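Engineer: Have a look at the structure that comes next, please.
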Amino acid sequence: MNAFGKRNGLSNNAARPNFGVARPMKSGPGAGAAGSDQFPPVEELGEVAEGPVHASNSMIGAMDRLNQRQNASGEQGASKTEGFEASVHRIKEQVLPRLLERVDPEAAATLGKDELAEEFRPIISEVLGELKINLNRREQFALEKVLVDELLGLGPLEELLSDPSISDIMVNGPDQTFVERKGKLELAHIQFRDEEHLFQIAQRIVNKVGRRVDQTTPLADARLPDGSRVNVIVPPLSLRGTAISIRKFSEKPITLDMMRGFGSMSEKMATLLKIAGASRMNIVISGGTGSGKTTMLNALSKMIDPGERVLTIEDAAELRLQQPHWLPLETRPANLEGQGAITIRDLVINALRMRPDRIILGEIRGPECFDLLAAMNTGHDGSMATLHSNSPRECLARMENMVMMSDIKVPKEAISRQIADSVDLIVQVKRLRDGSRRTTNITEVIGMEGDVIVTQELFKFEYLDESADGKIIGEYRSMGLRPYTMEKAKQFGFDQPYLEACL
C-alpha cells in the first residue's frame, strides 16, 4: 500500500510503469543512438533553431531572477559600524559623558563647529589622559569631528548629509539606515546609540523650524538649513522606533540644460520647456514619489523673468528659486488644542491679495487645486504646481477629484472646463527601475470636446531595450504635431523656435 491507501501498480500485475518511470519516446532509424531523444536538451535545440531558443533563454534568465529574489534573505538589515569608525565611536561613548561635565552647553551653542573643535581639543586630550587612551593624529581628528557632530549637529546623520552622492536618507529606527545613491537603495554603515539618541536628533531637527514631535504629535514635516525636506514619525505610530526620512537637494541648482546632459530629456524637450517657462504658460508637473518633480519645478523656475513677483507656497519650504523678487510661504500645523492651523488653501487665497505675477505650489493634494485654477484664470499666467499621478490623463482626473473634495458645489463639467481653460502643459516625470529619472511625456491640454478634456502629446519617451548592466535604453520621440499653445509663445517672440522644437 502507498501513502494514499492504494496499491502500487495494477491489481492484475500488468507491467504498467508507475508515474515518473516512463522513458522518452524514440524515433527514426537510430532510435537507440545518443542524442536521438524526441525531447533533446536545450543546448541541442539551439543548433537547429536559434529563434525560439533566445526566447527560452530569456525566460530561463527571468525565472532565475525570480527564484533568487524569492530565496534572498531579508535578515541582513541591520546597519553596522565596523573597523576604524567603530573604534572611534566606542571611544566617543566613553569620552562624551566626561566632556559634558566640563562644558557649558549655553556657551557651546554660541560657537560654530570649527571654533568648538578648537575649544574641545585640549579638553579631549585631558579626558583621554584620564581614561588612559592613546590616539594617533588621525583618530583624534575623527573623534573631535564625531563629538562636535553629536553636540551641535545631527550626530551620525552628519556624515551622510555631507556626502554629495546621497539623495535620500531613510532611518528606520536606531539600528537600520538606508540611503539612495543614483536611484538605488543601499544599507548605510551608521548606527545610533539607542532609541533615545535617535529621538533627540529628530527633536533637534523639528525644533529648529518651530515644529514639535512627541507622543501627542507623532508626525512632523520639517526642513534642514540647506532646504532638504524632512519627515519624522515616532512611536506609537512607528513600530520600529523613530523614523526619519530626508530628501536631500544638490547644493548647485539643477537646470534644464543639466537635465538634458544627464539624459533626462532630449534637446528639443529642453528647448520647449525653456520657452514654456519664459512664455508664462501654466504648467503642472506630474509624477510619483521621488521621480524628480521638485527638481523639475526648480529648473523651470530659472526661466522666470527677474522682474516678476513670485510667491511659492509649500508645506515645508524646499523650493529654491534664483529670482530676486521671490517670497516663500509655508503652512503651519495646528497647536496642541487643535487650533491655529494655516493650510495651503489659506495661503493660496491670501497670496491672491499680495499682487503676485506667478504663484508656485510645491504640491497640490486637496481643495487648494480649485483656488490655484482660479488664480491661473485671473491674470496669474505662468503659475506652476506639482501633483502625484502616473500619467497626464490620470493627472487631469486627480485635479477634478481634488476640486470636488472642496466644499464648493460645482458640476463636474464646469470643473473639467476650468481645468482645460487653465492648464497649458502637463510634464510627466518618472523614476525608472534602473534608478534613472526621465521626462516621459510632455502633453498639451487643448480644450473640451463634450464633457471630456482633450489633450495632445508633444513628446514621449519610448522604451527600447535594456543593457547588460541593467540600464534602460530608450528614445525621446517628437510626435510632430503643431502645438496649440503657439499663441502664448508668439506673444513673447518665441513662436518660431517653439514650432521647430515640436516638429
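Going through the C-alpha cells in order, the chains are called A, B, and so on, while each chain numbers its residues from 1 and the ligands are numbered from 1 in the order shown.
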Which residues are close to Leu387 in chain A, i.e. within 9 Å by only C-alpha atoms, leaving aside same-chain residues fewer than 5 positions away? Reply as a compact mmCIF listing (two decimals) with all heavy atoms, in the first residue's frame.
Structural biologist:
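Once everything was written out, this is out34.txt:
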```
# COMPACT_ATOMS: atom_id res chain seq x y z
N VAL A 284 1.72 72.02 -15.05
CA VAL A 284 1.56 71.07 -13.94
C VAL A 284 2.59 69.96 -14.14
O VAL A 284 2.64 69.35 -15.22
CB VAL A 284 0.13 70.48 -13.89
CG1 VAL A 284 0.04 69.43 -12.80
CG2 VAL A 284 -0.88 71.58 -13.62
N ILE A 285 3.41 69.71 -13.12
CA ILE A 285 4.41 68.64 -13.19
C ILE A 285 3.86 67.45 -12.43
O ILE A 285 3.55 67.54 -11.24
CB ILE A 285 5.75 69.11 -12.60
CG1 ILE A 285 6.27 70.30 -13.39
CG2 ILE A 285 6.76 67.98 -12.61
CD1 ILE A 285 7.30 71.11 -12.67
N SER A 286 3.73 66.34 -13.14
CA SER A 286 3.10 65.14 -12.59
C SER A 286 4.14 64.03 -12.46
O SER A 286 5.03 63.91 -13.30
CB SER A 286 1.96 64.73 -13.53
OG SER A 286 1.61 63.39 -13.35
N GLY A 287 4.01 63.22 -11.41
CA GLY A 287 4.95 62.11 -11.25
C GLY A 287 4.75 61.42 -9.92
O GLY A 287 4.00 61.89 -9.06
N GLY A 288 5.46 60.32 -9.73
CA GLY A 288 5.37 59.57 -8.48
C GLY A 288 6.34 60.11 -7.44
O GLY A 288 7.07 61.08 -7.67
N LYS A 293 9.98 65.67 -9.31
CA LYS A 293 9.02 66.75 -9.59
C LYS A 293 9.55 68.10 -9.09
O LYS A 293 9.51 69.10 -9.81
CB LYS A 293 7.67 66.45 -8.93
CG LYS A 293 6.99 65.19 -9.42
CD LYS A 293 5.59 65.05 -8.85
CE LYS A 293 5.57 64.93 -7.35
NZ LYS A 293 6.27 63.73 -6.84
N GLY A 362 4.21 73.99 -4.16
CA GLY A 362 5.11 72.83 -4.06
C GLY A 362 4.40 71.54 -4.40
O GLY A 362 4.94 70.69 -5.09
N GLU A 363 3.16 71.41 -3.94
CA GLU A 363 2.36 70.22 -4.28
C GLU A 363 0.89 70.51 -4.02
O GLU A 363 0.55 71.10 -3.00
CB GLU A 363 2.81 69.02 -3.45
CG GLU A 363 2.08 67.75 -3.83
CD GLU A 363 2.46 66.55 -2.98
OE1 GLU A 363 3.54 66.58 -2.37
OE2 GLU A 363 1.67 65.60 -2.93
N ILE A 364 0.02 70.10 -4.96
CA ILE A 364 -1.42 70.20 -4.71
C ILE A 364 -1.95 68.81 -4.38
O ILE A 364 -1.64 67.85 -5.07
CB ILE A 364 -2.18 70.83 -5.91
CG1 ILE A 364 -1.78 70.18 -7.23
CG2 ILE A 364 -1.97 72.31 -5.97
CD1 ILE A 364 -2.58 70.69 -8.42
N ARG A 365 -2.70 68.75 -3.30
CA ARG A 365 -3.21 67.44 -2.89
C ARG A 365 -4.63 67.53 -2.33
O ARG A 365 -5.12 66.58 -1.72
CB ARG A 365 -2.29 66.82 -1.84
CG ARG A 365 -2.09 67.64 -0.59
CD ARG A 365 -1.44 66.80 0.49
NE ARG A 365 -0.05 66.57 0.22
CZ ARG A 365 0.94 67.33 0.67
NH1 ARG A 365 0.66 68.40 1.41
NH2 ARG A 365 2.19 67.06 0.41
N CYS A 395 -3.44 62.61 -14.24
CA CYS A 395 -3.22 63.91 -13.59
C CYS A 395 -4.47 64.78 -13.70
O CYS A 395 -4.89 65.39 -12.71
CB CYS A 395 -2.03 64.60 -14.26
SG CYS A 395 -1.80 66.32 -13.80
N ARG A 398 -7.17 63.43 -11.40
CA ARG A 398 -6.89 63.75 -9.98
C ARG A 398 -7.23 65.20 -9.68
O ARG A 398 -7.73 65.52 -8.60
CB ARG A 398 -5.41 63.49 -9.67
CG ARG A 398 -5.10 62.02 -9.42
CD ARG A 398 -4.01 61.87 -8.38
NE ARG A 398 -4.44 62.34 -7.08
CZ ARG A 398 -3.60 62.78 -6.14
NH1 ARG A 398 -2.30 62.83 -6.38
NH2 ARG A 398 -4.04 63.16 -4.96
N MET A 399 -6.95 66.09 -10.62
CA MET A 399 -7.29 67.50 -10.39
C MET A 399 -8.81 67.67 -10.27
O MET A 399 -9.29 68.42 -9.42
CB MET A 399 -6.74 68.36 -11.54
CG MET A 399 -5.23 68.47 -11.53
SD MET A 399 -4.59 69.47 -12.88
CE MET A 399 -4.87 71.10 -12.24
```
Engineer: Got a sec: who's within 8 Å of Ile304 in chain A, counting only C-alpha atoms, leaving out chain neighbours fewer than 5 positions off, as a count of residues only?
Structural biologist: 4
Engineer: Go through A:Arg260, A:Asp346, A:His325, A:Gly379 one by one, measure the shortest atom-to-atom distance of each to Arg437 in chain A using only C-alpha atoms, and give the residue with the smallest value.
Structural biologist: A:Arg260
Engineer: As an NGL selection string, please: every residue in range 322-372 of chain A that a backbone DSSP assignment puts in strand (DSSP E or B).
Structural biologist: :A and (326-330 or 332 or 342 or 358-361)
Engineer: With only C-alpha atoms as the counted atoms, please give the residues lying no more than 7 Å from Ser383 in chain A, apart from itself and same-chain residues fewer than 6 positions off, as a compact mmCIF listing (two decimals) with N, CA, C and O atoms, in the first residue's frame.
Structural biologist:
```txt
# COMPACT_ATOMS: atom_id res chain seq x y z
N ASN A 282 0.93 77.98 -18.03
CA ASN A 282 0.57 77.31 -16.78
C ASN A 282 0.95 75.85 -16.89
O ASN A 282 0.46 75.13 -17.76
N ILE A 283 1.84 75.41 -16.00
CA ILE A 283 2.44 74.06 -16.12
C ILE A 283 2.16 73.27 -14.86
O ILE A 283 2.34 73.76 -13.74
N ARG A 358 3.27 85.41 -10.42
CA ARG A 358 3.14 83.94 -10.54
C ARG A 358 2.98 83.35 -9.15
O ARG A 358 3.59 83.83 -8.18
N ILE A 359 2.17 82.29 -9.08
CA ILE A 359 2.03 81.52 -7.84
C ILE A 359 2.52 80.11 -8.13
O ILE A 359 2.09 79.47 -9.10
N ILE A 360 3.45 79.63 -7.30
CA ILE A 360 4.01 78.29 -7.49
C ILE A 360 3.70 77.47 -6.25
O ILE A 360 4.06 77.85 -5.12
N MET A 376 -4.89 80.89 -11.97
CA MET A 376 -4.40 80.75 -13.35
C MET A 376 -5.32 81.46 -14.34
O MET A 376 -4.89 81.93 -15.39
```
Engineer: Please list as a PyMOL selection string every residue within 6 Å of range 447-460 of chain A, counting only C-alpha atoms and excluding residues in the same chain fewer than 3 positions away.
Structural biologist: chain A and resi 413+420+440-444+476-479
Engineer: Would you save the residues from that selection as a compact mmCIF listing (two decimals), in the first residue's frame, using N, CA and C atoms?
Structural biologist:
```txt
# COMPACT_ATOMS: atom_id res chain seq x y z
N GLU A 413 -18.71 68.98 -15.11
CA GLU A 413 -18.41 69.54 -16.43
C GLU A 413 -17.78 70.93 -16.31
N ALA A 420 -9.38 72.69 -18.28
CA ALA A 420 -8.98 72.80 -19.69
C ALA A 420 -8.60 74.24 -20.04
N THR A 440 9.01 61.59 -19.25
CA THR A 440 8.43 60.59 -20.14
C THR A 440 7.37 61.15 -21.07
N ASN A 441 6.72 62.25 -20.69
CA ASN A 441 5.68 62.85 -21.55
C ASN A 441 5.66 64.36 -21.36
N ILE A 442 5.45 65.07 -22.46
CA ILE A 442 5.06 66.48 -22.41
C ILE A 442 3.75 66.57 -23.18
N THR A 443 2.69 66.87 -22.46
CA THR A 443 1.33 66.81 -23.03
C THR A 443 0.68 68.19 -22.95
N GLU A 444 0.00 68.54 -24.01
CA GLU A 444 -0.66 69.82 -24.11
C GLU A 444 -2.16 69.64 -23.85
N TYR A 476 13.66 59.62 -26.98
CA TYR A 476 12.65 60.67 -26.82
C TYR A 476 12.11 60.99 -28.20
N ARG A 477 10.83 60.75 -28.37
CA ARG A 477 10.22 60.86 -29.69
C ARG A 477 9.28 62.06 -29.75
N SER A 478 9.49 62.90 -30.76
CA SER A 478 8.57 64.00 -31.00
C SER A 478 7.40 63.50 -31.84
N MET A 479 6.20 63.91 -31.46
CA MET A 479 5.01 63.46 -32.18
C MET A 479 4.79 64.23 -33.49
```
Engineer: From a backbone DSSP assignment, name each residue in range 181-399 of chain A labelled alpha helix (DSSP H), as a PyMOL selection string.
Structural biologist: chain A and resi 195-207+256-262+267-278+293-301+344-351+368-377+392-399
Engineer: So which one's closest to Leu327 in chain A, A:Leu116, A:Ile342, A:Val310, A:Met486? Using only C-alpha atoms, please.
Structural biologist: A:Val310
Engineer: Counting only C-alpha atoms, give me one row per residue of range 219-336 of chain A with an atom at most 10 Å from an atom of range 150-162 of chain A, showing the shortest contact pair and its distance in Å to one decimal, sorted by chain then residue number, as JSON lines.
Structural biologist:
```
{"residue": "A:Ser228", "atom": "CA", "partner": "A:Leu161", "partner_atom": "CA", "distance": 9.5}
{"residue": "A:Ile246", "atom": "CA", "partner": "A:Leu161", "partner_atom": "CA", "distance": 9.1}
{"residue": "A:Lys248", "atom": "CA", "partner": "A:Leu161", "partner_atom": "CA", "distance": 7.8}
```
Engineer: For the selection you just gave me, I'd like the residues written to a file as a PDB file, in the first residue's frame, keeping C-alpha atoms.
Structural biologist:
```
ATOM      1  CA  SER A 228      16.389  69.427   2.412  1.00  0.00           C
ATOM      2  CA  ILE A 246      15.368  63.118   4.467  1.00  0.00           C
ATOM      3  CA  LYS A 248      18.371  65.967   0.001  1.00  0.00           C
TER       4      LYS A 248
END
```
Engineer: For Arg345 in chain A, list every protein, DNA or RNA residue within 10 Å, evaluated using only C-alpha atoms, and leave out those in the same chain fewer than 5 positions away; present the list as a PDB file with C-alpha atoms, in the first residue's frame.
Structural biologist:
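Saved file selection-v7.pdb follows:
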```pdb
ATOM      1  CA  ILE A 313       3.545  78.006  -1.192  1.00  0.00           C
ATOM      2  CA  THR A 331       1.936  76.273   6.130  1.00  0.00           C
ATOM      3  CA  ASN A 350      -4.111  85.143   0.839  1.00  0.00           C
ATOM      4  CA  ALA A 351      -1.475  85.116  -1.935  1.00  0.00           C
ATOM      5  CA  ILE A 364      -1.417  70.203  -4.713  1.00  0.00           C
ATOM      6  CA  GLY A 366      -6.622  68.825  -1.924  1.00  0.00           C
ATOM      7  CA  PRO A 367      -9.178  71.632  -2.210  1.00  0.00           C
ATOM      8  CA  GLU A 368      -6.455  74.239  -2.899  1.00  0.00           C
ATOM      9  CA  CYS A 369      -6.499  72.956  -6.500  1.00  0.00           C
ATOM     10  CA  PHE A 370      -9.675  74.983  -7.139  1.00  0.00           C
ATOM     11  CA  ASP A 371      -8.066  78.203  -5.895  1.00  0.00           C
ATOM     12  CA  LEU A 372      -4.936  77.615  -7.987  1.00  0.00           C
TER      13      LEU A 372
END
```
Engineer: How many Å lie between CA of Met265 in chain A and CA of Asn298 in chain A, rounded to one decimal?
Structural biologist: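 Separation between CA of Met265 in chain A and CA of Asn298 in chain A: 15.6 Å.
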Engineer: Which residue out of A:Asn172, A:Gln200, A:Thr271, A:Thr242 has the minimum interatomic distance to Pro218 in chain A when only C-alpha atoms are used?
Structural biologist: A:Thr242
Engineer: Which one is closest to Asp305 in chain A: A:Ile446, A:Ile275, A:Ala317, A:Met269? Count only C-alpha atoms.
Structural biologist: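 Answer, going by the shortest atom-to-atom distance: A:Ile275.
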Engineer: Using only C-alpha atoms, find the one residue out of A:Leu432, A:Val403, A:Ala107, A:Ile133 that sits nearest to Gly470 in chain A.
Structural biologist: A:Leu432
